[in-house]
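Colleague: run.txt is reproduced below (compact mmCIF, C-alpha atoms).
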# COMPACT_ATOMS: atom_id res chain seq x y z
CA MET A 22 0.00 0.00 0.00
CA ALA A 23 1.50 3.30 -1.05
CA LEU A 24 1.50 6.04 1.50
CA GLU A 25 -0.64 8.95 0.43
CA PHE A 26 0.56 12.43 1.23
CA ASP A 27 1.68 15.55 -0.52
CA ARG A 28 5.22 14.69 -1.58
CA SER A 29 6.09 18.34 -2.14
CA ILE A 30 7.08 18.56 1.56
CA ILE A 31 10.09 16.36 0.85
CA GLY A 32 13.37 18.17 0.40
CA LYS A 33 12.11 21.68 1.23
CA VAL A 34 13.98 23.53 3.98
CA PHE A 35 11.42 24.10 6.72
CA ASP A 36 13.75 25.46 9.37
CA GLU A 37 17.02 27.31 9.56
CA THR A 38 18.45 27.74 13.04
CA SER A 39 21.62 29.66 13.90
CA PHE A 40 23.54 28.83 17.06
CA PRO A 41 25.80 30.94 19.23
CA ALA A 42 29.53 30.36 18.68
CA VAL A 43 30.70 26.97 19.94
CA THR A 44 32.81 27.32 23.10
CA THR A 45 35.79 25.30 24.28
CA GLU A 46 33.92 24.52 27.47
CA GLU A 47 30.96 23.07 25.58
CA ILE A 48 33.24 20.82 23.53
CA VAL A 49 35.13 19.58 26.59
CA ASP A 50 32.01 19.10 28.75
CA TYR A 51 30.28 17.10 26.03
CA ALA A 52 33.29 14.81 25.52
CA VAL A 53 33.84 14.34 29.26
CA SER A 54 30.18 13.40 29.79
CA LEU A 55 30.83 10.44 27.46
CA GLY A 56 34.04 9.52 29.28
CA GLU A 57 36.22 10.56 26.33
CA THR A 58 39.90 10.90 27.20
CA ASN A 59 41.16 11.64 23.69
CA PRO A 60 43.08 14.94 24.08
CA LEU A 61 41.79 16.10 20.67
CA TYR A 62 38.40 16.57 22.34
CA THR A 63 39.33 17.29 25.93
CA ASP A 64 42.69 19.03 26.26
CA GLU A 65 43.14 22.39 24.60
CA VAL A 66 46.89 22.51 25.26
CA ALA A 67 47.69 18.99 24.05
CA ALA A 68 45.38 19.37 21.02
CA ALA A 69 47.31 22.48 19.93
CA THR A 70 50.17 20.25 18.79
CA GLY A 71 47.84 17.65 17.26
CA PRO A 72 46.73 17.14 13.65
CA HIS A 73 44.08 19.88 13.76
CA GLY A 74 46.22 22.49 15.50
CA GLY A 75 43.67 22.81 18.25
CA LEU A 76 40.68 21.30 19.96
CA ILE A 77 37.91 19.73 17.88
CA ALA A 78 34.49 18.46 18.95
CA SER A 79 33.97 14.72 19.36
CA PRO A 80 32.13 13.12 16.41
CA THR A 81 28.58 13.10 17.82
CA PHE A 82 28.74 16.65 19.25
CA VAL A 83 26.49 17.96 16.45
CA THR A 84 23.63 15.75 17.67
CA LYS A 85 23.18 18.18 20.54
CA LEU A 86 22.08 20.99 18.22
CA ARG A 87 18.33 21.53 18.35
CA ALA A 88 16.37 23.04 15.50
CA GLN A 89 13.82 25.67 16.37
CA LYS A 90 11.15 23.71 14.55
CA PHE A 91 11.48 19.95 14.82
CA THR A 92 9.09 19.15 11.96
CA PRO A 93 7.30 21.25 9.34
CA GLU A 94 3.90 22.69 10.22
CA HIS A 95 1.88 20.55 7.87
CA LEU A 96 3.55 17.21 8.41
CA PRO A 97 0.84 14.57 8.04
CA LYS A 98 0.42 12.26 11.02
CA PHE A 99 0.91 8.60 10.23
CA GLY A 100 0.65 6.92 13.59
CA LYS A 101 -0.30 7.47 17.19
CA VAL A 102 3.02 7.01 18.94
CA GLY A 103 6.46 8.20 17.88
CA PHE A 104 9.80 6.60 18.74
CA ASP A 105 13.35 7.65 18.11
CA GLY A 106 14.39 5.03 15.56
CA GLY A 107 18.00 6.04 15.15
CA ARG A 108 20.43 8.41 13.53
CA ASP A 109 22.87 8.39 10.69
CA LEU A 110 25.61 10.92 10.89
CA GLU A 111 27.97 11.88 8.08
CA LEU A 112 30.90 14.04 9.12
CA HIS A 113 32.63 16.25 6.59
CA ALA A 114 34.73 18.67 8.65
CA PRO A 115 35.58 19.09 12.31
CA VAL A 116 33.70 21.49 14.58
CA ARG A 117 36.04 23.86 16.43
CA PRO A 118 35.71 26.44 19.18
CA GLY A 119 34.38 29.70 17.78
CA ASP A 120 32.44 28.04 14.95
CA GLU A 121 29.08 29.65 14.29
CA LEU A 122 26.89 26.82 13.15
CA VAL A 123 23.68 26.92 11.19
CA MET A 124 21.34 23.97 10.84
CA LEU A 125 19.03 23.53 7.85
CA SER A 126 16.20 21.04 8.29
CA THR A 127 14.31 19.16 5.62
CA ILE A 128 12.07 16.12 5.47
CA HIS A 129 14.35 13.74 3.63
CA ASP A 130 12.04 10.75 3.29
CA ILE A 131 8.81 9.19 4.47
CA TYR A 132 8.20 5.49 4.03
CA GLU A 133 6.23 2.59 5.36
CA LYS A 134 7.43 -0.79 6.54
CA THR A 135 5.29 -3.76 7.42
CA GLY A 136 6.59 -6.04 10.11
CA ARG A 137 5.29 -8.74 12.45
CA THR A 138 3.36 -6.22 14.52
CA GLY A 139 1.81 -4.31 11.63
CA SER A 140 2.67 -1.17 9.74
CA MET A 141 5.27 1.31 10.84
CA TYR A 142 5.96 4.67 9.30
CA PHE A 143 9.37 6.23 9.14
CA ILE A 144 9.93 9.94 8.81
CA VAL A 145 13.53 10.89 8.12
CA ILE A 146 14.41 14.43 9.18
CA ARG A 147 17.66 15.63 7.66
CA ASN A 148 19.63 18.27 9.52
CA GLU A 149 22.51 19.74 7.56
CA VAL A 150 25.00 21.62 9.71
CA ARG A 151 27.12 24.35 8.13
CA ASN A 152 29.83 26.52 9.61
CA GLN A 153 30.45 30.26 9.20
CA LYS A 154 32.43 29.59 6.00
CA GLY A 155 29.40 27.92 4.47
CA GLU A 156 31.06 24.49 4.59
CA THR A 157 28.87 21.52 5.40
CA VAL A 158 30.34 20.01 8.55
CA ALA A 159 27.75 17.30 9.14
CA VAL A 160 24.55 15.76 7.83
CA ILE A 161 22.35 14.11 10.42
CA ASP A 162 19.49 11.86 9.35
CA HIS A 163 17.10 11.32 12.22
CA ARG A 164 14.62 8.48 11.80
CA ILE A 165 11.34 8.90 13.64
CA MET A 166 9.27 5.75 13.76
CA GLN A 167 5.51 6.02 14.11
CA ARG A 168 2.91 3.34 14.62
CA MET B 13 47.28 6.39 23.50
CA ASN B 14 48.65 4.60 20.50
CA THR B 15 47.99 5.40 16.90
CA LEU B 16 46.90 2.44 14.85
CA TYR B 17 47.79 2.61 11.16
CA PHE B 18 45.72 1.40 8.23
CA ASP B 19 48.32 -1.25 7.42
CA GLU B 20 48.11 -2.67 10.93
CA ILE B 21 44.44 -3.59 10.93
CA GLU B 22 42.71 -6.51 9.31
CA GLU B 23 39.18 -7.37 8.36
CA GLY B 24 37.71 -9.31 11.26
CA ASP B 25 39.70 -7.44 13.90
CA GLU B 26 37.64 -6.77 16.99
CA LEU B 27 37.72 -3.34 18.56
CA PRO B 28 38.71 -3.46 22.24
CA ALA B 29 35.52 -3.88 24.27
CA LEU B 30 34.29 -0.96 26.31
CA ASP B 31 32.40 -2.18 29.36
CA LEU B 32 30.66 0.41 31.48
CA PHE B 33 28.21 0.77 34.29
CA LEU B 34 25.68 3.27 33.00
CA SER B 35 24.57 5.19 36.07
CA LYS B 36 21.55 7.45 36.35
CA ASP B 37 23.83 10.29 37.37
CA GLY B 38 25.97 9.69 34.31
CA VAL B 39 22.89 9.89 32.08
CA ARG B 40 21.73 13.11 33.81
CA GLN B 41 25.15 14.61 33.29
CA PHE B 42 25.11 13.74 29.60
CA ALA B 43 21.52 15.03 29.23
CA LYS B 44 22.57 18.30 30.79
CA THR B 45 25.61 18.89 28.59
CA ALA B 46 23.71 17.74 25.50
CA GLY B 47 20.86 20.17 26.19
CA MET B 48 18.40 17.29 26.64
CA TYR B 49 17.45 17.84 30.24
CA PHE B 50 13.94 16.39 29.85
CA PRO B 51 12.03 14.32 32.46
CA ARG B 52 12.44 11.08 30.49
CA PHE B 53 16.22 11.42 30.79
CA THR B 54 16.38 12.73 34.35
CA ASP B 55 14.06 10.81 36.68
CA ASP B 56 11.89 7.72 36.90
CA GLU B 57 8.73 9.56 37.87
CA GLY B 58 8.99 12.01 35.00
CA ALA B 59 9.63 9.17 32.57
CA ARG B 60 6.65 7.16 33.86
CA ALA B 61 4.43 10.20 33.35
CA GLU B 62 5.44 9.94 29.68
CA GLY B 63 4.45 6.26 29.57
CA LEU B 64 7.96 4.84 29.84
CA PRO B 65 8.94 2.12 32.32
CA GLY B 66 11.46 4.47 33.94
CA MET B 67 14.18 6.94 33.13
CA ILE B 68 15.98 6.15 29.87
CA ALA B 69 19.31 7.15 28.34
CA PRO B 70 19.07 9.33 25.20
CA GLY B 71 19.70 7.37 22.01
CA VAL B 72 22.40 9.84 21.05
CA MET B 73 24.22 9.01 24.29
CA SER B 74 24.53 5.38 23.16
CA MET B 75 25.72 6.68 19.81
CA GLY B 76 28.25 8.92 21.56
CA LEU B 77 29.55 6.00 23.62
CA LEU B 78 30.00 3.93 20.47
CA ALA B 79 32.00 6.80 18.97
CA ARG B 80 34.07 6.87 22.15
CA MET B 81 34.81 3.16 21.75
CA ILE B 82 36.27 3.96 18.31
CA SER B 83 38.31 6.82 19.77
CA ASP B 84 39.60 4.57 22.58
CA TRP B 85 40.57 1.94 19.99
CA ASN B 86 42.41 4.37 17.77
CA PRO B 87 42.65 8.04 18.80
CA ALA B 88 43.90 8.93 15.31
CA ALA B 89 40.87 7.42 13.53
CA VAL B 90 38.61 10.03 11.96
CA VAL B 91 34.95 9.08 11.98
CA LYS B 92 33.49 9.81 8.54
CA ARG B 93 30.12 8.22 9.12
CA ILE B 94 28.36 6.63 12.05
CA GLY B 95 24.85 5.23 11.94
CA THR B 96 22.87 3.66 14.74
CA THR B 97 19.49 2.04 15.15
CA PHE B 98 17.92 2.24 18.57
CA ARG B 99 16.26 -1.12 19.05
CA SER B 100 15.30 -0.96 22.67
CA PRO B 101 15.11 1.76 25.33
CA VAL B 102 18.23 1.84 27.47
CA LEU B 103 17.26 1.91 31.16
CA PRO B 104 20.24 3.06 33.20
CA ASP B 105 21.70 1.57 36.37
CA CYS B 106 22.94 -1.35 34.35
CA ASN B 107 26.08 -2.65 32.70
CA VAL B 108 26.49 -1.93 29.03
CA HIS B 109 29.01 -3.50 26.72
CA LEU B 110 30.15 -1.67 23.61
CA ARG B 111 31.57 -3.84 20.88
CA GLY B 112 32.82 -3.52 17.35
CA ALA B 113 34.63 -5.30 14.55
CA VAL B 114 36.26 -4.28 11.28
CA THR B 115 34.15 -5.66 8.44
CA GLN B 116 35.96 -4.15 5.45
CA LYS B 117 39.18 -2.35 4.63
CA ASN B 118 39.03 0.05 1.69
CA GLU B 119 42.47 0.48 0.15
CA GLU B 120 41.59 3.39 -2.13
CA ASP B 121 40.75 5.86 0.65
CA HIS B 122 42.28 4.17 3.70
CA THR B 123 38.98 3.75 5.43
CA ALA B 124 37.66 0.86 7.45
CA ASP B 125 34.01 -0.10 7.80
CA CYS B 126 33.04 -1.43 11.20
CA ASP B 127 30.02 -3.05 12.77
CA ILE B 128 29.34 -1.49 16.16
CA TRP B 129 26.81 -2.35 18.82
CA MET B 130 25.85 -2.00 22.45
CA GLU B 131 24.59 -4.99 24.39
CA ASN B 132 23.45 -5.77 27.91
CA ASP B 133 24.66 -8.49 30.28
CA ASP B 134 22.41 -11.02 28.51
CA GLY B 135 23.93 -10.26 25.12
CA GLU B 136 20.83 -8.46 23.86
CA ARG B 137 21.82 -5.84 21.31
CA TRP B 138 20.03 -2.67 22.33
CA VAL B 139 21.77 -0.46 19.79
CA VAL B 140 23.30 -1.62 16.51
CA GLY B 141 25.10 0.30 13.84
CA THR B 142 27.97 0.77 11.47
CA ALA B 143 30.79 3.27 11.19
CA THR B 144 33.32 4.24 8.55
CA VAL B 145 36.61 5.63 9.79
CA THR B 146 39.68 6.98 8.04
CA LEU B 147 42.93 5.61 9.45
CA PRO B 148 46.36 7.18 9.14
CA SER B 149 48.85 5.59 6.79
CA LYS B 150 52.57 5.07 7.25
CA ALA B 151 53.23 5.52 3.56
Write the structure described by the file as structure tokens, please.
Modeller:
Amino acid sequence: MALEFDRSIIGKVFDETSFPAVTTEEIVDYAVSLGETNPLYTDEVAAATGPHGGLIASPTFVTKLRAQKFTPEHLPKFGKVGFDGGRDLELHAPVRPGDELVMLSTIHDIYEKTGRTGSMYFIVIRNEVRNQKGETVAVIDHRIMQR
Amino acid sequence: MNTLYFDEIEEGDELPALDLFLSKDGVRQFAKTAGMYFPRFTDDEGARAEGLPGMIAPGVMSMGLLARMISDWNPAAVVKRIGTTFRSPVLPDCNVHLRGAVTQKNEEDHTADCDIWMENDDGERWVVGTATVTLPSKA
């Protein structure tokens, strides 16, 4: 059964959120809360002589960025309950202290899967994170499962 | 910390296991620094009010711990891609075991594909995923 909805919502940017400049403290606190000991993420002084010439954020740091609008206004509802199904994260460039990040959100895909317990609907929200130079630093695909 | 080079790894290599006790305080601390200080991640009562069996760990925390396992294995590895599926809510105050293995080495770009997962004491895989990392080369 094909899902019926207005496909024009797919791929359109429905939110653009700008964040205050990333701080060293934020990067270190995030890494430490995961128990990271890699000096690239936790030690400003040691990281200065490392491959990036300074501290960088640990890989999943960008998942802490929250868009102003989580979903577009007219997103059709497919199920009663929503679950966090998972994330796919592509990393293109490191995040550093002082970076002013912008996140662009689109609906990347909506699809249906039928399993043992019936139909489930997946909404994939794509968050593209860019830095102040306009470079894409990360693309996060967030799968919301509804049933 | 020791750098591991592309030439030194082989398909089938297991990443060193990361075994942790996931405490409620640890989850609260993560939730705070990740800007996710919501009832479901901070206390049992708040989580139950949302229909959950008790306080849970954010999915992205499990993902972050899997990334840490990669960093512990090889601090010089650069994560290019990491994907995770959250199969089951993670209820803290339990042991978690983070595991991984190299599934493919890609000569052309010096990357390695890995299977990664988090399991409980009974071997149930609560979070499963894959990662692609670039490894340094001696050449």
Colleague: Could you list, as a CSV table (one decimal) with C-alpha atoms, keeping the file's coordinate frame, the residues of chain A having an atom within 7 Å of chain B when counting only C-alpha atoms?
Modeller:
chain,number,residue,atom,x,y,z
A,50,ASP,CA,32.0,19.1,28.8
A,51,TYR,CA,30.3,17.1,26.0
A,54,SER,CA,30.2,13.4,29.8
A,55,LEU,CA,30.8,10.4,27.5
A,57,GLU,CA,36.2,10.6,26.3
A,59,ASN,CA,41.2,11.6,23.7
A,80,PRO,CA,32.1,13.1,16.4
A,81,THR,CA,28.6,13.1,17.8
A,84,THR,CA,23.6,15.8,17.7
A,85,LYS,CA,23.2,18.2,20.5
A,106,GLY,CA,14.4,5.0,15.6
A,107,GLY,CA,18.0,6.0,15.2
A,108,ARG,CA,20.4,8.4,13.5
A,109,ASP,CA,22.9,8.4,10.7
A,110,LEU,CA,25.6,10.9,10.9
A,111,GLU,CA,28.0,11.9,8.1
A,112,LEU,CA,30.9,14.0,9.1
A,113,HIS,CA,32.6,16.2,6.6
Colleague: Interatomic distance between atom CA of Trp129 of chain B and atom CA of Phe33 of chain B?
Modeller: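 Separation between atom CA of Trp129 of chain B and atom CA of Phe33 of chain B: 15.8 Å.
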Colleague: One decimal, in Å: what's the spacing between atom CA of His163 of chain A and atom CA of Met130 of chain B?
Modeller: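 If I compute the distance from atom CA of His163 of chain A to atom CA of Met130 of chain B, I get 18.9 Å.
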Colleague: For atom CA of Glu136 of chain B and atom CA of Lys101 of chain A, quote the distance in Å rounded to one decimal.
Modeller: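 Computing it gives 27.3 Å between the two atoms.
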Colleague: Rank nothing, just name the residue among B:Val145, B:Ala59, B:Leu64, B:Cys106 nearest to Leu16 of chain B, using all atoms listed in the file.
Modeller: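 Ranked by minimum distance to Leu16 of chain B, first place goes to B:Val145.
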Colleague: Can you pull out every residue within 9 Å of Ala29 of chain B, counting all atoms listed in the file, but drop anything in the same chain fewer than 6 positions away, and send it as an mmCIF file with C-alpha atoms, in the coordinates of the input?
Modeller:
data_model
loop_
_atom_site.group_PDB
_atom_site.id
_atom_site.type_symbol
_atom_site.label_atom_id
_atom_site.label_comp_id
_atom_site.auth_asym_id
_atom_site.auth_seq_id
_atom_site.Cartn_x
_atom_site.Cartn_y
_atom_site.Cartn_z
ATOM 1 C CA MET B 81 34.810 3.160 21.750
ATOM 2 C CA TRP B 85 40.570 1.940 19.990
ATOM 3 C CA HIS B 109 29.010 -3.500 26.720
ATOM 4 C CA LEU B 110 30.150 -1.670 23.610
ATOM 5 C CA ARG B 111 31.570 -3.840 20.880
ATOM 6 C CA GLY B 112 32.820 -3.520 17.350
#
